[in-house]
Every structure is written in C-alpha cells, then in structure tokens.
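Reading through the structure tokens given below for one structure.
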Amino acid sequence: MSRRDTRSPLALSPQLPTSDDGEPVFPEPWAAAAFAMTVHLHERGLFTWAEWAQCLSTELHKPGRAKDGSDYFDCWVAALSGLLVSLGIADADVILALQKSWQRAAEATPHGKPIELANDPQR
C-alpha cells in the first residue's frame, strides 16, 4: 500500500491544490494549519467524511469564487467554521469576533513581524 493510500480522505478533497507528487500545497502557513486542524478533528470523530465533503462542496460552489482557485483555502476555513457551528462545537459569534481580531492584529503588525492576536489594539 502506498503512502497516498493511507492518508486521511481529507487529503483527497475536491480541488485541493497538490504538487506533482500529490502532496497538498499551501499558499500560506494558515492554510496548512486549517488543513491540519480539519484532518485532526475528522480523525478524532467530530465529523464524518460525508459531512465534511458536503460542507466543502457547498463553499466551493458558491457564486463569486475566484476563477483561479486562489480562494480555495478561504472556502476551506468557511466550510470548517460552518460545520463546527452546525454541530454545536463552535459559536458563530465567537468565530466572527476572532476573525475580526486577527484582521485588526494583521493591520497593526509592522511589516515583517509575526501576526499575533496580542497585536490587536482592541484586545
């Protein structure tokens, strides 16, 4: 059995950007973290492959997507957030507040420095 055959089915998600050897390719560290978190939660049994596939597919087929697929991991995060909220694992208001806090932190962080929530001026 090859390594590819033993990976989580999440690694075979539709439209997942991959390298020539089939490994996931991430545009930014946060995308890799979102992928890893999703795989971990799935493997822990918080949601099934079918539940994940449906949520991701819904996000990927929404109107207004980037034609070049550059928003793939934005869809990934939206799907994960929506799934966790629908399962009662996360609160939509808390997720939105964290998104806004990260955005403020990013805007307040000097160029070249790591973005940390502590940089949010409202925190």
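The chains in the structure tokens are called A, B, ... from first to last as shown; in each chain the residues are counted from 1, and the ligands are counted from 1 in the order shown.
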
Check: Among stretch 17-106 of chain A, which ones does DSSP place in alpha helix (DSSP H), written as an MDAnalysis selection string?
Finding: chainID A and resid 29:43 49:60 72:86 92:106

Next item on the list: Might you pull out every residue within 8 Å of A:Leu56, with only C-alpha atoms counted and same-chain residues fewer than 3 positions away left off, and present them as a ChimeraX atom specification?
Entry: /A:52-53,59-60,75-76,79-80

Next item on the list: Measure the distance from atom CA of A:Leu41 to atom CA of A:Leu84 in Å and round it to one decimal.
Entry: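 Distance between the two atoms: 9.8 Å.
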
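The nearest approach to A:Pro27 among the residues A:Glu43, A:Glu51, A:Asp71, A:Asp120, with only C-alpha atoms taken into account, belongs to A:Asp71.
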
Notebook entry, point to check: Which residue, A:Ile89, A:Ala97, A:Leu117, A:Ala78, has the smallest gap to A:Ala34 when you use only C-alpha atoms?
Noted result: A:Ala78

Item checked: Residues near A:Arg104, cut-off 8 Å, only C-alpha atoms, skip fewer than 3 positions along chain, as a VMD selection string -> chain A and resid 100 to 101 107 to 108 119 to 121

Using the selection just defined, write its residues with C-alpha atoms as a PDB file, in the first residue's frame.
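Below you can see again-v2.pdb, which holds the result:
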```pdb
ATOM      1  CA  LYS A 100     -12.087  40.472  13.250  1.00  0.00           C
ATOM      2  CA  SER A 101      -9.442  40.368  15.973  1.00  0.00           C
ATOM      3  CA  GLU A 107      -3.291  45.641  10.252  1.00  0.00           C
ATOM      4  CA  ALA A 108      -1.467  46.707  13.432  1.00  0.00           C
ATOM      5  CA  ASN A 119      -1.211  42.917  18.336  1.00  0.00           C
ATOM      6  CA  ASP A 120      -4.958  43.591  18.135  1.00  0.00           C
ATOM      7  CA  PRO A 121      -5.329  47.106  19.588  1.00  0.00           C
TER       8      PRO A 121
END
```

Notebook entry, point to check: Any idea what the distance is between atom CA of A:Ala118 and atom CA of A:Gln103?
Noted result: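 One can read the atom CA of A:Ala118 to atom CA of A:Gln103 distance as 11.8 Å.
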
Next item on the list: Would you mind reading off the distance between atom CA of A:Tyr72 and atom CA of A:Ile115, one decimal, in Å?
Entry: 21.7 Å

Next item on the list: Write out as an MDAnalysis selection string which residues come within 12 Å of A:Phe26 when counting only C-alpha atoms, dropping same-chain ones fewer than 2 positions away.
Entry: chainID A and resid 16:19 23:24 28:36 70:74 76

Item checked: Selected residue, from A:Val39, A:Val94, A:Gln15, A:Ala106, that lies nearest to A:Gly69 when counting only C-alpha atoms ->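 Looking at the shortest contact to A:Gly69, the residue is A:Gln15.
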